[in-house]
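*Asks:* Could you have a look at this structure, given as structure tokens, before my questions?
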Amino acid sequence: MGKKTIYDKSVPGRRGIRFPKPEVPETPLPDALLRADLPLPEVSENEVIRHFTKLSQLNHGVDIGFYPLGSCTMKYNPKVNEAAARLHGFSQIHPLQPEETVQGALHLMYQLQEHLAEIGGFAGVTLQPAAGAHGELTGILMVKKYHEVNGEPHRNKILVPDSAHGTNPATSAMSGFIVKEIPSDERGNVDLEALKAECDETLAGFMLTNPNTLGLFDENVCDIAAIVHQAGGLMYGDGANMNALLGIAKPGEFGVDIMHYNLHKTFSTPHGGGGPGSGPVGVVEKLVDFLPGPVVVMEQDDSGFDFPYYYFATPKHSIGRMKSFHGQFGVMVRAYTYILMHGPDGLREVGELAVLNANYLMHKLKGVYRLPYDRVCMHEFVLEGRWPEVEDIHALDISKRLMDFGFHPPTNYFPLIVREALMIEPTETETKETLDAFADAMLQIAEEAKTNPDLLHSAPHNTPIGRLDEVHAAKNLILCCGLPDSYSD
Amino acid sequence: MKVEAEYKYTQNDEWVRVEGNLAVIGISDFAQDQLSDIVFLEYLVSKDDEVAKGDEFGTIESVKAASDIYCPVSGVVVELNEELLDAPETVNSDPYGEAWMIKVEMSDPDELDDLLDAAAYSKKIEESES
């Protein structure tokens, strides 16, 4: 791997482009703004292109290969989304423009609110939150305000299952709630008796991910919602795993009061380093007044002749703003494009194929890998990356070895209730050939673990750099880049 | 996996070594093995703090996961192993010795009876290994 930075390639006087002659008279910059020490690299254009193209080729992304990172829904992001987001009417507007000059953008936001509400079975949606965890925070702050407005500020306890995403308890704690963990039963469902025992007059809400992080649809979800509601609590749904339910089940109809969507998962917008997240939140009727403001509202007279007019309005008991301006607008355009492109039937097919692909892979691997919760899975499943008869092989070794086959590893060590967890989510966008190739690699690795474990311990072998020292990386953080000279080996 | 014969254990893999009325507390060899390389340790209590059985007294983080550490007994914290904060990897190398974490002056030594002895704890590990 080339270790030279773009600064190392700098040669004084070398240049990439010549600026054209200005078409307006030149004015010297004020002296106070001039500096002699601005350390920009001096390189030619082709060197810049080669440098960054090479770097990009060292990376793995969903445009390069299979990316079965569980609970992250690393589906392919259709390029038509990018074309739509780059339309000048969307990309060249400013959030401070008067409403009447951005009616098209507001129309899109309003329609997206409506589509998401329809998909999730909700009465209202905010598009503000900029990530899934941000959506959770939005939802939990609404839970808090709801109880306050209803004269029950003493409700200060949020329950989370032991299979929950770590962000659920973190969000609740950040919002000032006491967090209690509810165990899973042997089928991977929420333990109803344990849940009932915690449902008292201090209950504020329950945060449920359904399907959960084991990739299982909770078989008692309606009972759970009834128990929580009877105790006066609200049901929060973590929509990270919504891909499995698209067009099939509406969380708002199985008892969820508030749910965030991950546009960057379910609705195919870029993800990870590729783009900002977006975590809109949907709510049932009784919580619409608590949504963060402003939301987009439509007004249309009865004549049917005038175009509708869109404007921003803040709900009555709004928890206030969760984001400057209006959220990640460019991401909204991509998600809206995706929803329109598929339509209702297409979205249902997305959900069905995501579940089919996961079950196909699960059946190819189970038996060779231990499957602690052996049920029909939804969009993902969790294997154990260990064999009692093989010493010292861990999920991490399996994952590193997978990289040699050109696959991104699955999520490791999560959920915490599975030993040496390997959490695999293929998504609907992969072909049978890709799934077969991945399964073949996994089966070969299981064989190698028994016959040649060192091959796993020293993996990866075919990547630009080998096994990283994770301890060193975790303990010796370099949080901020110094100037190039300050680097030493 | 090593299990110290004279120690008591919790279901959550903490150990207690009894020294008179003092409970010396750490995490087991099995726990450190599960966590793998430890990179960070933080105490959530200070000297002279009162703690109740089941309270979180610390957070431990490895390259794999972060985990809370719970107090196996009630009492008053009389000493914390501050050196461990700078060398948390000691938990991997010597979980039952150098890597003790806190010492608690017990207010109710009968609570020790609720803990697992070495045989019961070994059995618990075996079950989860198979």
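Residue numbers start at 1 in each chain; chains themselves are named A, B, ... in the order of the structure tokens; ligands are numbered from 1 in the order shown.
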Could you give me, as CSV, a per-residue list for chain B showing, wherever an atom lies at most 8 Å from an atom of chain A, the closest pair of atoms and their distance in Å to one decimal, using only C-alpha atoms and sorting by chain then residue number from low to high?

*Replies:*
residue,atom,partner,partner_atom,distance
B:Asp37,CA,A:Val471,CA,6.6
B:Ile38,CA,A:Val471,CA,7.8
B:Val39,CA,A:Lys475,CA,6.1
B:Phe40,CA,A:Lys475,CA,7.8
B:Val63,CA,A:Val471,CA,6.4
B:Lys64,CA,A:Tyr413,CA,6.5
B:Ala65,CA,A:Tyr413,CA,7.4
B:Glu129,CA,A:Pro388,CA,6.6
B:Ser130,CA,A:Pro388,CA,5.9

*Asks:* Given the selection you just returned, output its residues as a file containing N, CA, C and O atoms, formatted as a PDB file, in the first residue's frame.

*Replies:*
ATOM      1  N   ASP B  37      -9.103  -8.287  24.609  1.00  0.00           N
ATOM      2  CA  ASP B  37      -8.163  -7.251  25.053  1.00  0.00           C
ATOM      3  C   ASP B  37      -8.843  -6.040  25.686  1.00  0.00           C
ATOM      4  O   ASP B  37      -9.577  -5.307  25.020  1.00  0.00           O
ATOM      5  N   ILE B  38      -8.549  -5.824  26.958  1.00  0.00           N
ATOM      6  CA  ILE B  38      -9.140  -4.688  27.684  1.00  0.00           C
ATOM      7  C   ILE B  38      -8.353  -3.419  27.363  1.00  0.00           C
ATOM      8  O   ILE B  38      -7.123  -3.423  27.409  1.00  0.00           O
ATOM      9  N   VAL B  39      -9.079  -2.363  27.025  1.00  0.00           N
ATOM     10  CA  VAL B  39      -8.392  -1.115  26.673  1.00  0.00           C
ATOM     11  C   VAL B  39      -8.746   0.040  27.595  1.00  0.00           C
ATOM     12  O   VAL B  39      -8.080   1.075  27.595  1.00  0.00           O
ATOM     13  N   PHE B  40      -9.774  -0.120  28.407  1.00  0.00           N
ATOM     14  CA  PHE B  40     -10.217   1.035  29.191  1.00  0.00           C
ATOM     15  C   PHE B  40     -10.990   0.570  30.421  1.00  0.00           C
ATOM     16  O   PHE B  40     -11.775  -0.378  30.344  1.00  0.00           O
ATOM     17  N   VAL B  63     -11.659  -4.296  23.052  1.00  0.00           N
ATOM     18  CA  VAL B  63     -11.793  -4.010  21.622  1.00  0.00           C
ATOM     19  C   VAL B  63     -13.129  -4.514  21.086  1.00  0.00           C
ATOM     20  O   VAL B  63     -13.582  -4.092  20.027  1.00  0.00           O
ATOM     21  N   LYS B  64     -13.786  -5.420  21.828  1.00  0.00           N
ATOM     22  CA  LYS B  64     -15.046  -5.996  21.379  1.00  0.00           C
ATOM     23  C   LYS B  64     -16.268  -5.281  21.906  1.00  0.00           C
ATOM     24  O   LYS B  64     -17.251  -5.110  21.203  1.00  0.00           O
ATOM     25  N   ALA B  65     -16.250  -4.931  23.212  1.00  0.00           N
ATOM     26  CA  ALA B  65     -17.485  -4.488  23.850  1.00  0.00           C
ATOM     27  C   ALA B  65     -17.191  -3.677  25.102  1.00  0.00           C
ATOM     28  O   ALA B  65     -16.088  -3.724  25.642  1.00  0.00           O
ATOM     29  N   GLU B 129     -20.085 -22.721  27.814  1.00  0.00           N
ATOM     30  CA  GLU B 129     -19.064 -23.055  26.810  1.00  0.00           C
ATOM     31  C   GLU B 129     -19.555 -24.106  25.815  1.00  0.00           C
ATOM     32  O   GLU B 129     -19.079 -24.182  24.699  1.00  0.00           O
ATOM     33  N   SER B 130     -20.471 -24.957  26.276  1.00  0.00           N
ATOM     34  CA  SER B 130     -20.829 -26.097  25.418  1.00  0.00           C
ATOM     35  C   SER B 130     -21.806 -25.685  24.339  1.00  0.00           C
ATOM     36  O   SER B 130     -22.435 -24.643  24.414  1.00  0.00           O
TER      37      SER B 130
END

*Asks:* Based on the backbone DSSP call, show me all residues of stretch 316-452 of chain A assigned strand (DSSP E or B), as a ChimeraX atom specification.

*Replies:* /A:366,369-370,381-384,411-412,421-424

*Asks:* Could you check which of A:Phe177, A:Phe122, A:Phe217, A:Tyr373 is closest to A:Met259, using only C-alpha atoms?

*Replies:* A:Phe122

*Asks:* What's the 12 Å shell around A:Gly247, counting only C-alpha atoms, without same-chain residues fewer than 3 positions away, as a list in words?

*Replies:*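 Selected residues are His115, Leu116, Glu118, Ile119, Gly120, Gly121, Met242, Asn243, Ala244, Lys250, Pro251, Thr266, Ile339, His342, Gly343, Pro344, Asp345, Gly346, Leu347, Arg348, Glu349, Val350, Gly351, Glu352 and Leu353 of chain A.
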
*Asks:* Would you pick out the contacts of A:Leu214 at 8 Å or less, using only C-alpha atoms, so that residues sharing its chain but fewer than 4 positions from it are not included, and give the list as an NGL selection string?

*Replies:* :A and (163 or 188 or 373 or 380-382 or 415 or 423)

*Asks:* Choose the residue, out of A:Thr138, A:Thr202, A:Thr126, A:Thr427, that has the smallest atom-to-atom separation from A:Gly293; count only C-alpha atoms.

*Replies:*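 Checking each of A:Thr138, A:Thr202, A:Thr126, A:Thr427 against A:Gly293, counting only C-alpha atoms, the winner is A:Thr126.
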
*Asks:* Could you pull out the residues in chain B that DSSP calls helix (DSSP H, G or I) from the backbone, as JSON, numbers by chain?

*Replies:* {"B": [29, 30, 31, 32, 33, 34, 35, 83, 84, 85, 86, 90, 91, 92, 93, 109, 110, 111, 112, 113, 114, 118, 119, 120, 121, 122, 123, 124, 125, 126, 127, 128, 129]}

*Asks:* For B:Gly58, find every residue with an atom within 9 Å (counting only C-alpha atoms), except residues of its own chain fewer than 4 positions away, and show them as a ChimeraX atom specification.

*Replies:* /B:41-45,67-71,101

*Asks:* Would you output that residue set with C-alpha atoms, as a PDB file, in the first residue's frame?

*Replies:*
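And here's part29.pdb as it stands now:
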ATOM      1  CA  LEU B  41     -11.473   0.949  32.765  1.00  0.00           C
ATOM      2  CA  GLU B  42     -13.448   3.577  34.623  1.00  0.00           C
ATOM      3  CA  TYR B  43     -14.745   3.615  38.197  1.00  0.00           C
ATOM      4  CA  LEU B  44     -18.188   5.082  38.847  1.00  0.00           C
ATOM      5  CA  VAL B  45     -17.611   5.227  42.622  1.00  0.00           C
ATOM      6  CA  SER B  67     -19.522  -3.811  29.964  1.00  0.00           C
ATOM      7  CA  ASP B  68     -20.754  -2.616  33.338  1.00  0.00           C
ATOM      8  CA  ILE B  69     -19.262  -4.074  36.515  1.00  0.00           C
ATOM      9  CA  TYR B  70     -21.582  -4.591  39.458  1.00  0.00           C
ATOM     10  CA  CYS B  71     -21.003  -4.647  43.191  1.00  0.00           C
ATOM     11  CA  MET B 101     -10.601  -3.268  41.417  1.00  0.00           C
TER      12      MET B 101
END

*Asks:* Could you list, as a list in words, every residue within 7 Å of A:Met322, counting only C-alpha atoms and ignoring same-chain residues fewer than 3 positions away?

*Replies:*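 Residues meeting the cut-off are Gln128, Pro129, Thr138 and Pro292 of chain A.
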
*Asks:* Taking 4 positions as the minimum chain separation for residues in the same chain, which residues sit within 12 Å of B:Lys123 when counting only C-alpha atoms? Answer as a PDB file with N, CA and C atoms, in the first residue's frame.

*Replies:*
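around04.pdb, freshly written:
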ATOM      1  N   MET B   1     -10.241 -22.499  31.690  1.00  0.00           N
ATOM      2  CA  MET B   1     -10.455 -21.189  32.318  1.00  0.00           C
ATOM      3  C   MET B   1     -10.216 -21.329  33.827  1.00  0.00           C
ATOM      4  N   VAL B   3     -10.486 -20.773  37.725  1.00  0.00           N
ATOM      5  CA  VAL B   3     -11.440 -20.342  38.748  1.00  0.00           C
ATOM      6  C   VAL B   3     -10.749 -20.495  40.099  1.00  0.00           C
ATOM      7  N   TYR B   9     -18.287 -15.863  43.504  1.00  0.00           N
ATOM      8  CA  TYR B   9     -18.537 -15.308  42.172  1.00  0.00           C
ATOM      9  C   TYR B   9     -19.992 -14.873  42.003  1.00  0.00           C
ATOM     10  N   GLN B  11     -23.235 -14.155  39.081  1.00  0.00           N
ATOM     11  CA  GLN B  11     -23.707 -14.627  37.778  1.00  0.00           C
ATOM     12  C   GLN B  11     -23.127 -13.764  36.667  1.00  0.00           C
ATOM     13  N   LEU B 116     -21.974 -17.416  44.168  1.00  0.00           N
ATOM     14  CA  LEU B 116     -21.604 -18.776  43.757  1.00  0.00           C
ATOM     15  C   LEU B 116     -20.248 -19.144  44.345  1.00  0.00           C
ATOM     16  N   ASP B 117     -20.098 -20.399  44.781  1.00  0.00           N
ATOM     17  CA  ASP B 117     -18.746 -20.839  45.145  1.00  0.00           C
ATOM     18  C   ASP B 117     -18.041 -21.302  43.868  1.00  0.00           C
ATOM     19  N   ALA B 118     -16.761 -21.665  44.022  1.00  0.00           N
ATOM     20  CA  ALA B 118     -15.950 -21.977  42.836  1.00  0.00           C
ATOM     21  C   ALA B 118     -16.564 -23.116  42.015  1.00  0.00           C
ATOM     22  N   ALA B 119     -17.093 -24.129  42.707  1.00  0.00           N
ATOM     23  CA  ALA B 119     -17.646 -25.278  41.978  1.00  0.00           C
ATOM     24  C   ALA B 119     -18.870 -24.862  41.163  1.00  0.00           C
ATOM     25  N   GLU B 127     -21.323 -24.774  31.277  1.00  0.00           N
ATOM     26  CA  GLU B 127     -22.607 -24.803  30.571  1.00  0.00           C
ATOM     27  C   GLU B 127     -22.628 -23.811  29.416  1.00  0.00           C
ATOM     28  N   SER B 128     -22.072 -22.627  29.651  1.00  0.00           N
ATOM     29  CA  SER B 128     -22.132 -21.630  28.583  1.00  0.00           C
ATOM     30  C   SER B 128     -21.100 -21.924  27.496  1.00  0.00           C
ATOM     31  N   GLU B 129     -20.085 -22.721  27.814  1.00  0.00           N
ATOM     32  CA  GLU B 129     -19.064 -23.055  26.810  1.00  0.00           C
ATOM     33  C   GLU B 129     -19.555 -24.106  25.815  1.00  0.00           C
ATOM     34  N   SER B 130     -20.471 -24.957  26.276  1.00  0.00           N
ATOM     35  CA  SER B 130     -20.829 -26.097  25.418  1.00  0.00           C
ATOM     36  C   SER B 130     -21.806 -25.685  24.339  1.00  0.00           C
TER      37      SER B 130
END

*Asks:* I'd like the interatomic distance between atom CA of A:Gly255 and atom CA of A:Val190, to a tenth of an Å.

*Replies:*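 One can read the atom CA of A:Gly255 to atom CA of A:Val190 distance as 14.8 Å.
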
*Asks:* Identify which of the residues B:Glu6, B:Gly97, B:Ser74, B:Glu79 lies closest to B:Asp55, counting only C-alpha atoms when measuring atom-to-atom distances.

*Replies:*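 Using only C-alpha atoms, the shortest distance to B:Asp55 belongs to B:Ser74.
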